[in-house]
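Reviewing the structure listed below.
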Amino acid sequence: MGMSPWRRDLSRRMRRPVWMGSHSVSPAFLTLAVALLVSASLIMLLEARLRPVVAEIASAQARNTMTAVVEEAVTADLAARQVGYSDFITIQRDEGGAITALTTDMARMNLLRAELTAAILEALEKADVSDIQVPLGSLFDLEPLWAKGPALKTRAMTVGTVRAEFDSQFTSAGVNQTLHRIWMEVTVPMKLLLPGGEVETELHTRLCVAETVIVGRVPDTYLQLGQQ
């Protein structure tokens with residue numbers, strides 16, 4: 001006897017694999033899934049390789065931009081105050097004109113440092129340095145693409161407080177002449193907000209606050225103190 005129609009249909013259903021049911025995955029869906037997986041892997045690889053380059057370029061631009069702001073603020077403030085070397089340093093000589101001592105007015109220098117630091121902070125707050133743009137062409141080591149293409153925007157902001165310290169330097173300015181410069185070293189911590197995370201960097205610049213040419217032999221003790 002032959003098998004009845006409903007038995008043949010039941011037999012075919014029992015032999016059909018589960019994955020070939022009505023909800024089987026189409027080839028188009030598999031292709032799309034593989035394409036998405038490959039794309040995600042390429043993006044992750046590209047980001048891992050380019051992120052250090054982006055961070056380096058953005059940090060350099062942020063430091064350059066903020067350094068210009070700091071230098072302009074300090075220069076303008078010193079010009080407005082009209083301070084000079086003699087406001088901080090007193091040269092003492094003996095009866096024969098030989099230099100016996102260089103006296104520093106530390107109270108006045110500390111006051112100037114506090115005032116300049118306040119001027120720097122005010123300038124950084126007013127300056128439009130929050131958006132740093134990195135052209136995508138700069139990420140590739142190709143001359144035709146350098147500094148071209150759409151820009152990747154990065155936000156930069158100062159972190160913590162501005163640090164400023166004075167430094168003294170003596171250099172020869174000719175026969176029996178010594179150039180004495182008073183420098184202020186400024187350090188500004190910064191944080192860059194890049195896609196994928198934050199990057200910390202630091203601005204460091206050195207500005208001449210006052211200088212003069214001292215005629216006469218400067219004692220070796222002061223020369224050694226000024227070599228920093």
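For the structure tokens, the naming scheme is as follows: chains receive sequential letters (A, B, ...) according to their order of presentation, residues are indexed from 1 within each chain, and ligands are indexed from 1 in presentation order.
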**OP:** Find the residues around range 212-217 of chain A up to 6 Å (only C-alpha atoms counted), leave out those fewer than 3 positions away in its own chain, and share them as a list in words.
**Re:**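 Contacts, with the query itself left out: Asn176, Gln177, Thr178, Leu179 and His180 of chain A.
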Please write the residues from the selection above to a file, keeping all heavy atoms, as a JSON list (two decimals), in the first residue's frame.
```json
[["chain", "number", "residue", "atom", "x", "y", "z"],
["A", 176, "ASN", "N", 83.73, 93.28, 30.21],
["A", 176, "ASN", "CA", 83.35, 93.79, 31.53],
["A", 176, "ASN", "C", 81.87, 94.20, 31.58],
["A", 176, "ASN", "O", 81.51, 95.11, 32.33],
["A", 176, "ASN", "CB", 84.23, 94.97, 31.94],
["A", 176, "ASN", "CG", 84.36, 95.09, 33.45],
["A", 176, "ASN", "OD1", 84.31, 94.10, 34.17],
["A", 176, "ASN", "ND2", 84.52, 96.32, 33.93],
["A", 177, "GLN", "N", 81.05, 93.55, 30.79],
["A", 177, "GLN", "CA", 79.61, 93.84, 30.79],
["A", 177, "GLN", "C", 78.84, 92.53, 30.88],
["A", 177, "GLN", "O", 79.20, 91.54, 30.25],
["A", 177, "GLN", "CB", 79.20, 94.60, 29.52],
["A", 177, "GLN", "CG", 79.79, 96.00, 29.41],
["A", 177, "GLN", "CD", 79.32, 96.73, 28.18],
["A", 177, "GLN", "OE1", 78.72, 96.13, 27.28],
["A", 177, "GLN", "NE2", 79.57, 98.03, 28.11],
["A", 178, "THR", "N", 77.76, 92.57, 31.65],
["A", 178, "THR", "CA", 76.94, 91.37, 31.86],
["A", 178, "THR", "C", 75.47, 91.71, 31.64],
["A", 178, "THR", "O", 74.97, 92.70, 32.21],
["A", 178, "THR", "CB", 77.13, 90.82, 33.28],
["A", 178, "THR", "OG1", 78.52, 90.54, 33.50],
["A", 178, "THR", "CG2", 76.33, 89.55, 33.47],
["A", 179, "LEU", "N", 74.80, 90.93, 30.81],
["A", 179, "LEU", "CA", 73.37, 91.09, 30.60],
["A", 179, "LEU", "C", 72.62, 90.24, 31.62],
["A", 179, "LEU", "O", 72.81, 89.03, 31.71],
["A", 179, "LEU", "CB", 72.98, 90.65, 29.18],
["A", 179, "LEU", "CG", 71.49, 90.63, 28.86],
["A", 179, "LEU", "CD1", 70.88, 92.03, 28.98],
["A", 179, "LEU", "CD2", 71.23, 90.05, 27.47],
["A", 180, "HIS", "N", 71.80, 90.91, 32.42],
["A", 180, "HIS", "CA", 71.01, 90.22, 33.44],
["A", 180, "HIS", "C", 69.54, 90.27, 33.05],
["A", 180, "HIS", "O", 68.97, 91.36, 32.89],
["A", 180, "HIS", "CB", 71.21, 90.87, 34.82],
["A", 180, "HIS", "CG", 70.50, 90.14, 35.92],
["A", 180, "HIS", "ND1", 70.20, 90.72, 37.13],
["A", 180, "HIS", "CD2", 70.02, 88.85, 35.99],
["A", 180, "HIS", "CE1", 69.58, 89.84, 37.89],
["A", 180, "HIS", "NE2", 69.46, 88.70, 37.22]]
```
Subject >> Residues near Ile91 in chain A, cut-off 8 Å, only C-alpha atoms, skip fewer than 6 positions along chain, as a VMD selection string >> reply: chain A and resid 99 to 103
Could you write out that same residue set with C-alpha atoms as an mmCIF file, in the first residue's frame?
```cif
data_model
loop_
_atom_site.group_PDB
_atom_site.id
_atom_site.type_symbol
_atom_site.label_atom_id
_atom_site.label_comp_id
_atom_site.auth_asym_id
_atom_site.auth_seq_id
_atom_site.Cartn_x
_atom_site.Cartn_y
_atom_site.Cartn_z
ATOM 1 C CA ILE A 99 79.717 95.593 42.486
ATOM 2 C CA THR A 100 79.301 94.216 45.988
ATOM 3 C CA ALA A 101 75.712 92.929 45.927
ATOM 4 C CA LEU A 102 72.553 92.569 43.896
ATOM 5 C CA THR A 103 69.507 93.002 46.119
#
```
Original post:
Hey, can you check how far CA of Arg108 in chain A sits from CA of Pro219 in chain A?
Top reply: 23.8 Å
Subject >> Pick from A:Leu193, A:Val53, A:Ala114, A:Met184, whichever lies nearest to Thr161 in chain A using only C-alpha atoms >> reply: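 Ranked by minimum distance to Thr161 in chain A, first place goes to A:Ala114.
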Subject >> For Thr201 in chain A: contacts at 8 Å, only C-alpha atoms, fewer than 5 positions along chain excluded, given as a VMD selection string >> reply: chain A and resid 59 189 to 192
Original post:
In Å to one decimal, how far is CA of Thr205 in chain A from CA of Thr67 in chain A?
Top reply: 6.8 Å
**OP:** Pick out the closest residue to Phe170 in chain A from this set: A:Ile182, A:Ala35, A:Leu207, A:Ala73. Count only C-alpha atoms.
**Re:**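 Under the stated criterion, the closest residue is A:Ile182.
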**OP:** Compile the contact shell of Ala107 in chain A as an NGL selection string: residues with an atom at most 12 Å away, counting only C-alpha atoms, same-chain residues fewer than 6 positions apart removed.
**Re:** :A and (87-89 or 113-114)
**OP:** Find the residues around Ala118 in chain A up to 12 Å (only C-alpha atoms counted), leave out those fewer than 6 positions away in its own chain, and share them as a ChimeraX atom specification.
**Re:** /A:70,73-74,77,111-112,124-125,161-164
